[in-house]
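Trainee: What follows is final.cif, mmCIF, C-alpha atoms.
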```
data_run
#
loop_
_atom_site.group_PDB
_atom_site.id
_atom_site.type_symbol
_atom_site.label_atom_id
_atom_site.label_comp_id
_atom_site.auth_asym_id
_atom_site.auth_seq_id
_atom_site.Cartn_x
_atom_site.Cartn_y
_atom_site.Cartn_z
ATOM 1 C CA MET O 1083 -10.336 0.975 -40.544
ATOM 2 C CA ILE O 1084 -12.644 3.966 -39.979
ATOM 3 C CA ALA O 1085 -14.601 1.975 -37.366
ATOM 4 C CA GLY O 1086 -11.359 1.279 -35.500
ATOM 5 C CA LEU O 1087 -10.298 4.931 -35.588
ATOM 6 C CA LEU O 1088 -13.721 6.099 -34.436
ATOM 7 C CA ALA O 1089 -13.767 3.464 -31.678
ATOM 8 C CA GLY O 1090 -10.287 4.563 -30.563
ATOM 9 C CA PHE O 1091 -11.369 8.209 -30.399
ATOM 10 C CA LEU O 1092 -14.646 7.538 -28.558
ATOM 11 C CA SER O 1093 -12.937 5.115 -26.188
ATOM 12 C CA GLY O 1094 -10.356 7.802 -25.468
ATOM 13 C CA ILE O 1095 -13.070 10.275 -24.547
ATOM 14 C CA ILE O 1096 -14.742 7.734 -22.256
ATOM 15 C CA SER O 1097 -11.365 6.745 -20.768
ATOM 16 C CA GLY O 1098 -10.529 10.384 -20.102
ATOM 17 C CA MET O 1099 -13.750 10.681 -18.125
ATOM 18 C CA GLY O 1100 -12.627 7.740 -15.991
ATOM 19 C CA ILE O 1101 -15.469 5.500 -17.131
ATOM 20 C CA GLY O 1102 -13.508 2.857 -19.025
ATOM 21 C CA GLY O 1103 -13.077 2.920 -22.761
ATOM 22 C CA GLY O 1104 -13.089 -0.873 -23.005
ATOM 23 C CA ALA O 1105 -16.886 -0.750 -22.886
ATOM 24 C CA ILE O 1106 -16.742 0.748 -26.390
ATOM 25 C CA LEU O 1107 -13.417 -0.533 -27.706
ATOM 26 C CA ILE O 1108 -13.861 -4.267 -27.034
ATOM 27 C CA PRO O 1109 -17.344 -4.595 -28.620
ATOM 28 C CA VAL O 1110 -16.184 -2.685 -31.718
ATOM 29 C CA LEU O 1111 -13.065 -4.835 -32.046
ATOM 30 C CA THR O 1112 -15.016 -8.087 -31.648
ATOM 31 C CA MET O 1113 -18.357 -7.354 -33.341
ATOM 32 C CA VAL O 1114 -17.400 -4.848 -36.037
ATOM 33 C CA LEU O 1115 -13.814 -5.800 -36.827
ATOM 34 C CA GLY O 1116 -14.255 -9.536 -36.167
ATOM 35 C CA MET O 1117 -11.362 -9.845 -33.738
ATOM 36 C CA GLY O 1118 -11.189 -12.601 -31.118
ATOM 37 C CA GLN O 1119 -12.135 -11.719 -27.539
ATOM 38 C CA LYS O 1120 -8.655 -12.350 -26.104
ATOM 39 C CA GLU O 1121 -6.995 -10.239 -28.788
ATOM 40 C CA ALA O 1122 -9.512 -7.416 -28.235
ATOM 41 C CA GLN O 1123 -8.938 -7.506 -24.484
ATOM 42 C CA PHE O 1124 -5.166 -7.422 -25.018
ATOM 43 C CA ILE O 1125 -5.437 -4.448 -27.376
ATOM 44 C CA ASN O 1126 -7.684 -2.746 -24.805
ATOM 45 C CA LEU O 1127 -5.019 -3.235 -22.110
ATOM 46 C CA VAL O 1128 -2.245 -1.846 -24.301
ATOM 47 C CA TYR O 1129 -4.521 1.010 -25.428
ATOM 48 C CA PHE O 1130 -5.293 1.806 -21.784
ATOM 49 C CA ILE O 1131 -1.692 2.684 -20.851
ATOM 50 C CA PRO O 1132 -1.238 5.904 -22.888
ATOM 51 C CA THR O 1133 -4.868 6.999 -22.488
ATOM 52 C CA ALA O 1134 -4.649 6.503 -18.711
ATOM 53 C CA VAL O 1135 -1.425 8.520 -18.542
ATOM 54 C CA ALA O 1136 -3.046 11.425 -20.421
ATOM 55 C CA ALA O 1137 -6.167 11.331 -18.233
ATOM 56 C CA LEU O 1138 -4.129 10.935 -15.040
ATOM 57 C CA TYR O 1139 -2.089 14.016 -15.897
ATOM 58 C CA LYS O 1140 -5.184 16.149 -16.479
ATOM 59 C CA HIS O 1141 -7.112 14.868 -13.433
ATOM 60 C CA SER O 1142 -4.037 15.304 -11.245
ATOM 61 C CA ARG O 1143 -3.647 18.928 -12.345
ATOM 62 C CA ASN O 1144 -7.325 19.518 -11.511
ATOM 63 C CA GLY O 1145 -6.907 18.019 -8.031
ATOM 64 C CA ASN O 1146 -9.330 15.159 -8.746
ATOM 65 C CA ILE O 1147 -7.218 12.383 -7.215
ATOM 66 C CA GLU O 1148 -8.010 11.114 -3.725
ATOM 67 C CA LYS O 1149 -4.509 10.043 -2.693
ATOM 68 C CA SER O 1150 -5.555 8.349 0.561
ATOM 69 C CA VAL O 1151 -7.153 5.427 -1.296
ATOM 70 C CA LEU O 1152 -4.502 4.959 -3.996
ATOM 71 C CA LYS O 1153 -2.146 2.533 -2.250
ATOM 72 C CA PRO O 1154 -4.705 -0.163 -1.300
ATOM 73 C CA LEU O 1155 -6.491 0.172 -4.648
ATOM 74 C CA ILE O 1156 -3.232 -0.245 -6.571
ATOM 75 C CA ILE O 1157 -2.060 -3.209 -4.470
ATOM 76 C CA PHE O 1158 -5.339 -5.086 -4.768
ATOM 77 C CA GLY O 1159 -5.802 -3.962 -8.382
ATOM 78 C CA VAL O 1160 -2.454 -5.463 -9.394
ATOM 79 C CA ALA O 1161 -3.295 -8.694 -7.560
ATOM 80 C CA GLY O 1162 -6.742 -8.798 -9.171
ATOM 81 C CA SER O 1163 -5.390 -8.112 -12.650
ATOM 82 C CA ALA O 1164 -2.850 -10.917 -12.291
ATOM 83 C CA ALA O 1165 -5.641 -13.289 -11.212
ATOM 84 C CA GLY O 1166 -7.861 -12.092 -14.054
ATOM 85 C CA ALA O 1167 -5.113 -12.556 -16.634
ATOM 86 C CA PHE O 1168 -4.510 -16.080 -15.327
ATOM 87 C CA LEU O 1169 -8.222 -16.910 -15.571
ATOM 88 C CA ALA O 1170 -8.593 -15.305 -19.022
ATOM 89 C CA SER O 1171 -5.641 -17.237 -20.423
ATOM 90 C CA GLY O 1172 -7.393 -20.514 -19.648
ATOM 91 C CA ALA O 1173 -10.856 -19.480 -20.837
ATOM 92 C CA GLY O 1174 -12.146 -19.639 -24.381
ATOM 93 C CA ASP O 1175 -13.210 -16.634 -26.449
ATOM 94 C CA GLY O 1176 -16.890 -17.584 -26.161
ATOM 95 C CA ALA O 1177 -16.803 -17.748 -22.367
ATOM 96 C CA LEU O 1178 -14.941 -14.453 -22.131
ATOM 97 C CA ARG O 1179 -17.405 -12.800 -24.498
ATOM 98 C CA VAL O 1180 -20.354 -14.006 -22.410
ATOM 99 C CA LEU O 1181 -18.717 -12.882 -19.143
ATOM 100 C CA PHE O 1182 -17.877 -9.474 -20.628
ATOM 101 C CA GLY O 1183 -21.446 -9.074 -21.896
ATOM 102 C CA ILE O 1184 -22.885 -10.026 -18.502
ATOM 103 C CA PHE O 1185 -20.509 -7.593 -16.801
ATOM 104 C CA LEU O 1186 -21.550 -4.724 -19.095
ATOM 105 C CA GLY O 1187 -25.227 -5.577 -18.622
ATOM 106 C CA VAL O 1188 -25.002 -5.693 -14.831
ATOM 107 C CA MET O 1189 -23.004 -2.467 -14.702
ATOM 108 C CA GLY O 1190 -25.517 -0.814 -17.023
ATOM 109 C CA ILE O 1191 -28.415 -1.841 -14.778
ATOM 110 C CA PHE O 1192 -26.620 -0.519 -11.679
ATOM 111 C CA GLU O 1193 -25.864 2.790 -13.409
ATOM 112 C CA ILE O 1194 -29.503 3.177 -14.495
ATOM 113 C CA ILE O 1195 -30.709 2.499 -10.937
ATOM 114 C CA LYS O 1196 -28.095 4.879 -9.510
ATOM 115 C CA GLY O 1197 -29.095 7.553 -12.025
ATOM 116 C CA ILE O 1198 -32.779 7.216 -11.108
ATOM 117 C CA ARG O 1199 -31.989 7.415 -7.391
ATOM 118 C CA THR O 1200 -29.736 10.462 -7.712
ATOM 119 C CA LYS O 1201 -32.205 12.198 -10.019
ATOM 120 C CA ASN O 1202 -34.825 11.914 -7.300
ATOM 121 C CA LYS O 1203 -32.525 13.310 -4.590
ATOM 122 C CA LYS O 1204 -32.335 17.064 -4.167
ATOM 123 C CA GLY O 1205 -28.827 18.554 -4.005
ATOM 124 C CA ASP O 1206 -27.029 15.236 -4.594
ATOM 125 C CA GLU O 1207 -24.355 16.742 -6.852
ATOM 126 C CA LYS O 1208 -20.876 16.243 -5.403
ATOM 127 C CA MET O 1209 -18.230 18.907 -5.126
ATOM 128 C CA ARG O 1210 -15.223 18.392 -7.409
ATOM 129 C CA ILE O 1211 -11.959 17.519 -5.644
ATOM 130 C CA GLY O 1212 -10.187 20.621 -6.988
ATOM 131 C CA ASP O 1213 -13.004 22.842 -5.726
ATOM 132 C CA PHE O 1214 -12.892 21.053 -2.380
ATOM 133 C CA ILE O 1215 -9.130 21.613 -2.012
ATOM 134 C CA LYS O 1216 -9.653 25.338 -2.707
ATOM 135 C CA LEU O 1217 -12.556 25.440 -0.231
ATOM 136 C CA LYS O 1218 -10.439 23.673 2.388
ATOM 137 C CA GLU O 1219 -7.646 26.238 1.927
ATOM 138 C CA ASP O 1220 -10.234 29.003 2.293
ATOM 139 C CA PHE O 1221 -11.596 27.390 5.472
ATOM 140 C CA ILE O 1222 -8.122 27.172 7.012
ATOM 141 C CA LYS O 1223 -7.357 30.794 6.081
ATOM 142 C CA ALA O 1224 -10.731 31.957 7.401
ATOM 143 C CA ASP O 1225 -10.221 30.029 10.627
ATOM 144 C CA THR O 1226 -6.891 31.746 11.267
ATOM 145 C CA GLU O 1227 -8.494 35.117 10.510
ATOM 146 C CA GLY O 1228 -11.571 34.418 12.667
ATOM 147 C CA LYS O 1229 -13.921 34.593 9.675
ATOM 148 C CA ILE O 1230 -15.206 31.021 9.703
ATOM 149 C CA ASP O 1231 -18.867 32.031 9.379
ATOM 150 C CA ILE O 1232 -18.316 33.189 5.788
ATOM 151 C CA TYR O 1233 -17.770 29.590 4.639
ATOM 152 C CA ILE O 1234 -20.345 27.681 6.671
ATOM 153 C CA ASN O 1235 -22.877 27.384 3.830
ATOM 154 C CA ALA O 1236 -20.745 25.218 1.510
ATOM 155 C CA ASP O 1237 -22.838 23.030 -0.820
ATOM 156 C CA ASN O 1238 -22.236 19.630 -2.408
ATOM 157 C CA LEU O 1239 -19.772 18.210 0.131
ATOM 158 C CA THR O 1240 -19.338 14.437 0.274
ATOM 159 C CA GLN O 1241 -19.253 12.706 3.659
ATOM 160 C CA PHE O 1242 -15.468 12.296 3.327
ATOM 161 C CA GLN O 1243 -14.996 15.985 2.499
ATOM 162 C CA TYR O 1244 -17.299 17.009 5.339
ATOM 163 C CA ARG O 1245 -15.320 14.951 7.850
ATOM 164 C CA GLU O 1246 -12.011 16.285 6.543
ATOM 165 C CA LEU O 1247 -13.201 19.873 6.922
ATOM 166 C CA LEU O 1248 -14.457 19.192 10.442
ATOM 167 C CA LYS O 1249 -10.906 18.199 11.430
ATOM 168 C CA GLU O 1250 -9.755 21.731 10.580
ATOM 169 C CA PHE O 1251 -12.168 23.645 12.836
ATOM 170 C CA PRO O 1252 -11.894 24.773 16.452
ATOM 171 C CA LEU O 1253 -14.411 23.056 18.740
ATOM 172 C CA GLU O 1254 -16.677 26.104 19.099
ATOM 173 C CA ALA O 1255 -17.312 26.170 15.327
ATOM 174 C CA LEU O 1256 -18.170 22.468 14.927
ATOM 175 C CA GLY O 1257 -21.754 22.692 16.080
ATOM 176 C CA ARG O 1258 -22.602 25.629 13.807
ATOM 177 C CA LEU O 1259 -20.864 23.992 10.841
ATOM 178 C CA GLU O 1260 -22.629 20.665 11.357
ATOM 179 C CA MET O 1261 -26.040 22.365 11.583
ATOM 180 C CA ALA O 1262 -25.385 24.434 8.462
ATOM 181 C CA LEU O 1263 -24.109 21.528 6.321
ATOM 182 C CA ASN O 1264 -26.751 19.032 7.466
ATOM 183 C CA GLY O 1265 -29.428 21.751 7.527
#
```
Written as structure tokens, that's how I'd like the structure from this file.

Mentor:
Amino acid sequence: MIAGLLAGFLSGIISGMGIGGGAILIPVLTMVLGMGQKEAQFINLVYFIPTAVAALYKHSRNGNIEKSVLKPLIIFGVAGSAAGAFLASGAGDGALRVLFGIFLGVMGIFEIIKGIRTKNKKGDEKMRIGDFIKLKEDFIKADTEGKIDIYINADNLTQFQYRELLKEFPLEALGRLEMALNG
């Protein structure tokens, strides 16, 4: 029982970060509590609903949601989840366990490689969405007040954020902004 409670709490923390609590919850349910793979995956799906709502609320309030990509992700995510549920219903627990293990292993390798690459890059930290929205508001205000030079040295912009900011500037400021941000 304590293992289940601890797994639920740790999975909630990981879920709140947007990483996916199933990476903790499913192995604990199957390996520690002896549950079947299909049952563990079902519990993970049910568990995901309230934890996702709590995380969505907090991330939304912080401005961390990129709304332009939501619609296609949701449409294809629903289609993919229906296909995955269909495939899982016909597969045995052993096959699902192996596929889940392979998935976690591959994702772990990719994350290690990504971590090594980003560690070796200088200034690779990305600006948070909430900070970007505030910066964008400041850029627009500064542009209307003719004070655009104050904000040219913004750090940690993603390519998407950089392009979005460029849309807000008058043509004469684009060259100076591009030089400063790519500098």

Trainee: Just want the 10 Å neighbourhood of segment 1170-1180 of chain O, counted on only C-alpha atoms, with same-chain residues fewer than 3 positions away dropped. Output as a list in words.

Mentor: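 After dropping sequence-adjacent residues, the list is Ile1108, Pro1109, Thr1112, Gly1118, Gln1119, Lys1120, Glu1121, Gln1123, Ala1164, Ala1165, Gly1166, Ala1167, Gly1183, Ile1184, Phe1185 and Leu1186 of chain O.
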
Trainee: Nearest to Gly1102 of chain O: which of O:Val1160, O:Leu1127, O:Gly1086, O:Asp1213 is it, counting all atoms listed in the file?

Mentor: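 Among the listed residues, the smallest separation from Gly1102 of chain O belongs to O:Leu1127.
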
Trainee: One number please: atom CA of Lys1216 of chain O to atom CA of Tyr1139 of chain O, in Å, one decimal.

Mentor: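 Between atom CA of Lys1216 of chain O and atom CA of Tyr1139 of chain O the gap works out to 19.0 Å.
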
Trainee: Quick one: everything within 10 Å of Gly1090 of chain O, counting all atoms listed in the file, minus sequence neighbours fewer than 4 positions away in the same chain. Send it as a list of chain:residue names.

Mentor: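 Counting all atoms listed in the file, the residues come to O:Ile1084, O:Ala1085, O:Gly1086, O:Gly1094, O:Ile1095, O:Ile1096, O:Gly1103, O:Gly1104, O:Ile1106, O:Leu1107, O:Val1110, O:Leu1111, O:Asn1126, O:Tyr1129.
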
Trainee: To one decimal place, how far is atom CA of Leu1152 of chain O from atom CA of Phe1091 of chain O in Å?

Mentor: 27.5 Å

Trainee: Which one of O:Ile1195, O:Lys1218, O:Gly1212, O:Leu1169 sits closest to Asn1144 of chain O if you count all atoms listed in the file?

Mentor: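 Ranked by minimum distance to Asn1144 of chain O, first place goes to O:Gly1212.
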
Trainee: Just how far from atom CA of Ile1101 of chain O is atom CA of Thr1133 of chain O, in Å to one decimal?

Mentor: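 Result for atom CA of Thr1133 of chain O versus atom CA of Ile1101 of chain O: 12.0 Å, one decimal.
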
Trainee: Would you mind telling me which residue in O:Leu1217, O:Ile1131, O:Ile1211, O:Leu1092 lies nearest to Glu1148 of chain O when using only C-alpha atoms?

Mentor: O:Ile1211
